[in-house]
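Take a look at the structure below.
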Amino acid sequence: MLMKLAPLGDQAVLAYLADEAAAVRFAQAVRAANPPWLLDVVPAYASAGVFFDADRIDATEVMGWLEALALPSGSRLDAPGQSFTIPVCYEMQLDLARVCEATKLVADEVIRLHTATAYTVYAIGFVPGFPYLGYLSPELCGVGRLPSPRVRVEPGSVGLTGRQTGIYPLERPGGWNLIGRTPLTIVDVASGFFPLRVGDTVRFARIDEARYRELDGQRLSCRAC
């Protein structure tokens with residue numbers, strides 16, 4: 001595995017990897033090894049931050065350890081992330097017509113393609129628990145962000161832009177194209193509930209408004225909707 005290492009402050013090392021899959025595999029390998037000085041591993045699109053106990057080890061030693069751990073290109077681990085099925089009511093949308101116009105597809109085809117893909121959680125941000133999910137089917141790629149972000153996006157709103165889709169876990173401003181909404185709670189900051197992690201797999205399942213009301217407020221779990 002091609003990798004470049006650099007100190008990240010005095011308590012972390014940043015590993016630059018070839019791509020998203022390599023970053024996820026690398027993070028899984030570090031977690032599986034679980035050295036006694038490890039505090040956390042935070043993968044992103046093509047990098048992973050390795051946070052360590054500075055009272056037990058320094059950055060130079062960590063980088064040496066990581067170099068020795070590096071996996072051969074294309075290797076896979078036996079411990080993938082968890083799989084989730086997330087129900088979405090596509091009638092509760094604001095921008096489906098915009099997506100249809102950009103993709104030249106009818107609404108039912110947009111929904112079919114969106115629910116047909118198994119997405120990987122490649123990063124978590126820009127607010128606590130927001131999953132960046134990739135990648136959209138080619139037919140749905142390339143839809144730009146809104147010209148002006150909304151001041152308020154409802155929690156549970158499912159959006160897409162570029163090659164990615166995602167879920168707004170909290171009420172925030174946002175500029176993605178909103179094509180539906182999940183009734184499930186995917187983040188509870190107060191209780192530390194953050195079920196989605198980098199490397200997990202997410203599928204979306206279409207539901208109607210009656211089912212939305214039945215599920216409203218339930219927490220996300222690994223079981224299907």
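Here's how to read the names in the structure tokens: chain A, B, ... by the order shown, residue numbers from 1 in each chain, ligand numbers from 1 in the order shown.
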(request) Can you pull out every residue within 8 Å of range 208-218 of chain A, counting only C-alpha atoms, but drop anything in the same chain fewer than 6 positions away, and send it as a ChimeraX atom specification? (result) /A:88-91,182-185
(message) Can you tell me which residues surround range 97-110 of chain A at a distance of at most 10 Å, considering only C-alpha atoms, apart from same-chain residues fewer than 5 positions away, and format the answer as a ChimeraX atom specification?
(response) /A:90,115-116,137-144,146,160-161,177-179
For the residues in that selection, give me N, CA and C atoms as a PDB file, in the first residue's frame.
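New file part.pdb:
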ATOM      1  N   TYR A  90     -39.574   9.414  -0.182  1.00  0.00           N
ATOM      2  CA  TYR A  90     -39.157  10.282  -1.283  1.00  0.00           C
ATOM      3  C   TYR A  90     -40.228  11.303  -1.658  1.00  0.00           C
ATOM      4  N   THR A 115     -31.989   3.951  -4.637  1.00  0.00           N
ATOM      5  CA  THR A 115     -32.185   2.828  -3.716  1.00  0.00           C
ATOM      6  C   THR A 115     -31.490   1.550  -4.184  1.00  0.00           C
ATOM      7  N   ALA A 116     -30.989   1.521  -5.413  1.00  0.00           N
ATOM      8  CA  ALA A 116     -30.374   0.304  -5.952  1.00  0.00           C
ATOM      9  C   ALA A 116     -28.906   0.158  -5.576  1.00  0.00           C
ATOM     10  N   SER A 137     -24.825   6.132  -8.638  1.00  0.00           N
ATOM     11  CA  SER A 137     -24.749   5.518  -9.963  1.00  0.00           C
ATOM     12  C   SER A 137     -24.398   6.601 -10.979  1.00  0.00           C
ATOM     13  N   PRO A 138     -23.737   6.235 -12.076  1.00  0.00           N
ATOM     14  CA  PRO A 138     -23.314   7.250 -13.057  1.00  0.00           C
ATOM     15  C   PRO A 138     -24.451   8.142 -13.540  1.00  0.00           C
ATOM     16  N   GLU A 139     -25.662   7.579 -13.633  1.00  0.00           N
ATOM     17  CA  GLU A 139     -26.790   8.358 -14.144  1.00  0.00           C
ATOM     18  C   GLU A 139     -27.179   9.507 -13.214  1.00  0.00           C
ATOM     19  N   LEU A 140     -26.842   9.387 -11.928  1.00  0.00           N
ATOM     20  CA  LEU A 140     -27.214  10.424 -10.957  1.00  0.00           C
ATOM     21  C   LEU A 140     -26.069  11.383 -10.641  1.00  0.00           C
ATOM     22  N   CYS A 141     -24.890  11.121 -11.173  1.00  0.00           N
ATOM     23  CA  CYS A 141     -23.732  11.961 -10.860  1.00  0.00           C
ATOM     24  C   CYS A 141     -23.784  13.295 -11.606  1.00  0.00           C
ATOM     25  N   GLY A 142     -23.161  14.292 -10.994  1.00  0.00           N
ATOM     26  CA  GLY A 142     -22.972  15.570 -11.669  1.00  0.00           C
ATOM     27  C   GLY A 142     -23.995  16.635 -11.365  1.00  0.00           C
ATOM     28  N   VAL A 143     -24.956  16.362 -10.483  1.00  0.00           N
ATOM     29  CA  VAL A 143     -25.934  17.387 -10.126  1.00  0.00           C
ATOM     30  C   VAL A 143     -25.276  18.362  -9.153  1.00  0.00           C
ATOM     31  N   GLY A 144     -25.225  19.632  -9.518  1.00  0.00           N
ATOM     32  CA  GLY A 144     -24.554  20.622  -8.687  1.00  0.00           C
ATOM     33  C   GLY A 144     -25.331  20.967  -7.426  1.00  0.00           C
ATOM     34  N   LEU A 146     -27.176  23.553  -4.742  1.00  0.00           N
ATOM     35  CA  LEU A 146     -28.118  24.644  -4.957  1.00  0.00           C
ATOM     36  C   LEU A 146     -27.351  25.951  -5.160  1.00  0.00           C
ATOM     37  N   LEU A 160     -28.285  14.841  -2.309  1.00  0.00           N
ATOM     38  CA  LEU A 160     -27.210  14.387  -3.181  1.00  0.00           C
ATOM     39  C   LEU A 160     -26.609  15.575  -3.920  1.00  0.00           C
ATOM     40  N   THR A 161     -25.364  15.410  -4.314  1.00  0.00           N
ATOM     41  CA  THR A 161     -24.662  16.372  -5.160  1.00  0.00           C
ATOM     42  C   THR A 161     -23.389  15.710  -5.670  1.00  0.00           C
ATOM     43  N   ASN A 177     -29.059  18.846  -2.862  1.00  0.00           N
ATOM     44  CA  ASN A 177     -30.395  18.643  -3.434  1.00  0.00           C
ATOM     45  C   ASN A 177     -31.144  17.617  -2.590  1.00  0.00           C
ATOM     46  N   LEU A 178     -32.242  18.029  -1.979  1.00  0.00           N
ATOM     47  CA  LEU A 178     -32.978  17.170  -1.061  1.00  0.00           C
ATOM     48  C   LEU A 178     -34.008  16.354  -1.832  1.00  0.00           C
ATOM     49  N   ILE A 179     -33.860  15.022  -1.766  1.00  0.00           N
ATOM     50  CA  ILE A 179     -34.735  14.147  -2.548  1.00  0.00           C
ATOM     51  C   ILE A 179     -35.633  13.286  -1.670  1.00  0.00           C
TER      52      ILE A 179
END
(request) Any chance you could list, as a ChimeraX atom specification, the residues in range 36-211 of chain A that come up helix (DSSP H, G or I) when DSSP is run on the backbone? (result) /A:59-69,96-103,107-116,138-140,209-211
(request) as a ChimeraX atom specification, please: all residues of range 17-165 of chain A that backbone DSSP puts in strand (DSSP E). (result) /A:17,38-43,47-52,83-89,119-124,131-134,150-153,157-161,164-165
Take the residues from that selection and write them out as a CSV table (one decimal), in the first residue's frame, keeping N, CA and C atoms.
chain,number,residue,atom,x,y,z
A,17,LEU,N,-3.1,8.1,1.8
A,17,LEU,CA,-3.3,6.8,1.1
A,17,LEU,C,-3.6,7.1,-0.4
A,38,LEU,N,-2.8,3.5,21.3
A,38,LEU,CA,-3.8,4.0,20.3
A,38,LEU,C,-5.0,4.7,21.0
A,39,LEU,N,-5.3,5.9,20.6
A,39,LEU,CA,-6.5,6.6,21.1
A,39,LEU,C,-7.7,6.5,20.1
A,40,ASP,N,-7.4,6.8,18.9
A,40,ASP,CA,-8.5,6.8,17.8
A,40,ASP,C,-7.9,6.7,16.5
A,41,VAL,N,-8.7,6.3,15.5
A,41,VAL,CA,-8.3,6.3,14.1
A,41,VAL,C,-9.4,7.0,13.3
A,42,VAL,N,-9.2,8.0,12.6
A,42,VAL,CA,-10.2,8.8,11.9
A,42,VAL,C,-9.9,8.8,10.4
A,43,PRO,N,-10.5,7.9,9.6
A,43,PRO,CA,-10.2,7.9,8.1
A,43,PRO,C,-11.1,9.0,7.5
A,47,SER,N,-7.1,9.6,3.4
A,47,SER,CA,-6.2,9.8,4.5
A,47,SER,C,-6.8,9.2,5.7
A,48,ALA,N,-5.9,9.0,6.7
A,48,ALA,CA,-6.4,8.6,8.0
A,48,ALA,C,-5.6,9.2,9.1
A,49,GLY,N,-6.2,9.8,10.1
A,49,GLY,CA,-5.5,10.3,11.3
A,49,GLY,C,-5.4,9.3,12.4
A,50,VAL,N,-4.2,9.0,12.8
A,50,VAL,CA,-3.9,8.1,13.9
A,50,VAL,C,-3.6,8.9,15.2
A,51,PHE,N,-4.4,8.8,16.2
A,51,PHE,CA,-4.2,9.6,17.4
A,51,PHE,C,-3.7,8.7,18.5
A,52,PHE,N,-2.6,9.2,19.2
A,52,PHE,CA,-1.9,8.3,20.1
A,52,PHE,C,-1.7,9.0,21.5
A,83,SER,N,-23.6,-3.0,8.2
A,83,SER,CA,-24.5,-2.7,7.1
A,83,SER,C,-25.8,-2.2,7.7
A,84,PHE,N,-26.3,-1.1,7.1
A,84,PHE,CA,-27.6,-0.5,7.5
A,84,PHE,C,-28.5,-0.3,6.3
A,85,THR,N,-29.8,-0.5,6.6
A,85,THR,CA,-30.8,-0.1,5.6
A,85,THR,C,-31.6,1.0,6.2
A,86,ILE,N,-31.7,2.1,5.5
A,86,ILE,CA,-32.3,3.3,6.0
A,86,ILE,C,-33.5,3.7,5.2
A,87,PRO,N,-34.7,3.7,5.8
A,87,PRO,CA,-35.9,4.0,5.1
A,87,PRO,C,-36.0,5.5,4.7
A,88,VAL,N,-36.5,5.8,3.5
A,88,VAL,CA,-36.6,7.1,3.1
A,88,VAL,C,-38.0,7.3,2.4
A,89,CYS,N,-38.6,8.4,2.8
A,89,CYS,CA,-39.9,8.8,2.2
A,89,CYS,C,-39.5,9.8,1.1
A,119,TYR,N,-24.0,2.0,-0.6
A,119,TYR,CA,-23.1,3.1,-0.5
A,119,TYR,C,-22.1,2.8,0.7
A,120,THR,N,-20.9,3.3,0.5
A,120,THR,CA,-19.9,3.2,1.6
A,120,THR,C,-19.8,4.5,2.3
A,121,VAL,N,-19.7,4.5,3.7
A,121,VAL,CA,-19.5,5.7,4.4
A,121,VAL,C,-18.0,6.1,4.3
A,122,TYR,N,-17.7,7.1,3.5
A,122,TYR,CA,-16.3,7.4,3.3
A,122,TYR,C,-15.8,8.5,4.3
A,123,ALA,N,-16.6,9.3,4.8
A,123,ALA,CA,-16.2,10.3,5.8
A,123,ALA,C,-17.4,10.7,6.6
A,124,ILE,N,-17.1,11.3,7.8
A,124,ILE,CA,-18.1,11.9,8.7
A,124,ILE,C,-17.8,13.4,8.9
A,131,PRO,N,-23.0,11.6,7.3
A,131,PRO,CA,-22.3,10.6,6.5
A,131,PRO,C,-22.1,11.0,5.0
A,132,TYR,N,-20.9,11.1,4.6
A,132,TYR,CA,-20.7,11.3,3.1
A,132,TYR,C,-20.6,9.9,2.5
A,133,LEU,N,-21.6,9.6,1.6
A,133,LEU,CA,-21.8,8.3,1.1
A,133,LEU,C,-21.5,8.2,-0.4
A,134,GLY,N,-20.8,7.3,-0.8
A,134,GLY,CA,-20.4,7.1,-2.2
A,134,GLY,C,-20.5,5.7,-2.7
A,150,ARG,N,-29.8,26.5,1.6
A,150,ARG,CA,-31.0,26.8,2.5
A,150,ARG,C,-30.5,27.2,3.9
A,151,VAL,N,-31.2,28.1,4.5
A,151,VAL,CA,-30.9,28.5,5.9
A,151,VAL,C,-31.1,27.4,6.8
A,152,ARG,N,-32.1,26.6,6.6
A,152,ARG,CA,-32.5,25.5,7.5
A,152,ARG,C,-32.9,24.2,6.7
A,153,VAL,N,-32.3,23.1,7.0
A,153,VAL,CA,-32.6,21.8,6.5
A,153,VAL,C,-33.1,20.9,7.6
A,157,SER,N,-33.1,14.8,6.4
A,157,SER,CA,-33.2,15.1,5.0
A,157,SER,C,-32.1,14.3,4.3
A,158,VAL,N,-32.4,13.7,3.2
A,158,VAL,CA,-31.5,13.0,2.3
A,158,VAL,C,-31.2,13.8,1.1
A,159,GLY,N,-29.9,14.0,0.8
A,159,GLY,CA,-29.6,14.9,-0.3
A,159,GLY,C,-28.5,14.2,-1.2
A,160,LEU,N,-28.3,14.8,-2.3
A,160,LEU,CA,-27.2,14.4,-3.2
A,160,LEU,C,-26.6,15.6,-3.9
A,161,THR,N,-25.4,15.4,-4.3
A,161,THR,CA,-24.7,16.4,-5.2
A,161,THR,C,-23.4,15.7,-5.7
A,164,GLN,N,-21.9,12.1,-4.7
A,164,GLN,CA,-22.2,11.6,-3.3
A,164,GLN,C,-23.7,11.9,-2.9
A,165,THR,N,-24.1,11.1,-1.9
A,165,THR,CA,-25.4,11.3,-1.2
A,165,THR,C,-25.1,11.3,0.2
(message) Given only C-alpha atoms as the basis, pick out the residue of A:Val30, A:Leu94, A:Ala44, A:Val62 nearest to Gln11 in chain A.
(response) A:Val62
(message) When you look at Leu170 in chain A with a cut-off of 8 Å (counting only C-alpha atoms), what residues show up, excluding the ones that are within fewer than 4 positions of it in the same chain? I need them as a list in words.
(response)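 Listing them by chain and then by number gives Val127, Glu154, Pro155, Gly156 and Val187 of chain A.
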Just-selected residues, C-alpha atoms written as an mmCIF file, in the first residue's frame:
data_model
loop_
_atom_site.group_PDB
_atom_site.id
_atom_site.type_symbol
_atom_site.label_atom_id
_atom_site.label_comp_id
_atom_site.auth_asym_id
_atom_site.auth_seq_id
_atom_site.Cartn_x
_atom_site.Cartn_y
_atom_site.Cartn_z
ATOM 1 C CA VAL A 127 -21.788 18.491 11.299
ATOM 2 C CA GLU A 154 -34.794 19.428 8.423
ATOM 3 C CA PRO A 155 -33.082 16.589 10.320
ATOM 4 C CA GLY A 156 -33.261 13.338 8.375
ATOM 5 C CA VAL A 187 -27.472 11.098 15.621
#
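Closest approach to Trp65 in chain A from the set A:Pro7, A:Pro35, A:Ala18, A:Met92 is made by A:Pro35, with distances taken over only C-alpha atoms.
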(message) Considering only C-alpha atoms, can you say which of A:Leu2, A:Met63, A:Val202, A:Ile57 comes closest to Leu14 in chain A?
(response)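 Checking each candidate against Leu14 in chain A, we get A:Met63 as the closest.
Nearest to Gly180 in chain A of all the residues A:Arg145, A:Arg219, A:Arg163, A:His114 is A:His114, counting only C-alpha atoms.
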(request) Extract, using only C-alpha atoms, all DNA, RNA and protein residues at most 9 Å from Gln82 in chain A, discarding same-chain residues fewer than 2 positions from it, and format them as number ranges by chain. (result) A: 80, 84, 196-197, 199-202, 222
Keeping only C-alpha atoms, write those residues as a PDB file, in the first residue's frame.
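The new file selection_31.pdb reads:
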ATOM      1  CA  PRO A  80     -15.924  -5.059   7.213  1.00  0.00           C
ATOM      2  CA  PHE A  84     -27.573  -0.456   7.510  1.00  0.00           C
ATOM      3  CA  LEU A 196     -22.653   5.297  11.356  1.00  0.00           C
ATOM      4  CA  ARG A 197     -18.894   4.982  10.998  1.00  0.00           C
ATOM      5  CA  GLY A 199     -16.375   1.878   6.320  1.00  0.00           C
ATOM      6  CA  ASP A 200     -20.033   1.030   7.027  1.00  0.00           C
ATOM      7  CA  THR A 201     -22.406   0.196   4.182  1.00  0.00           C
ATOM      8  CA  VAL A 202     -25.740   1.977   3.693  1.00  0.00           C
ATOM      9  CA  CYS A 222     -28.485  -2.574  11.859  1.00  0.00           C
TER      10      CYS A 222
END
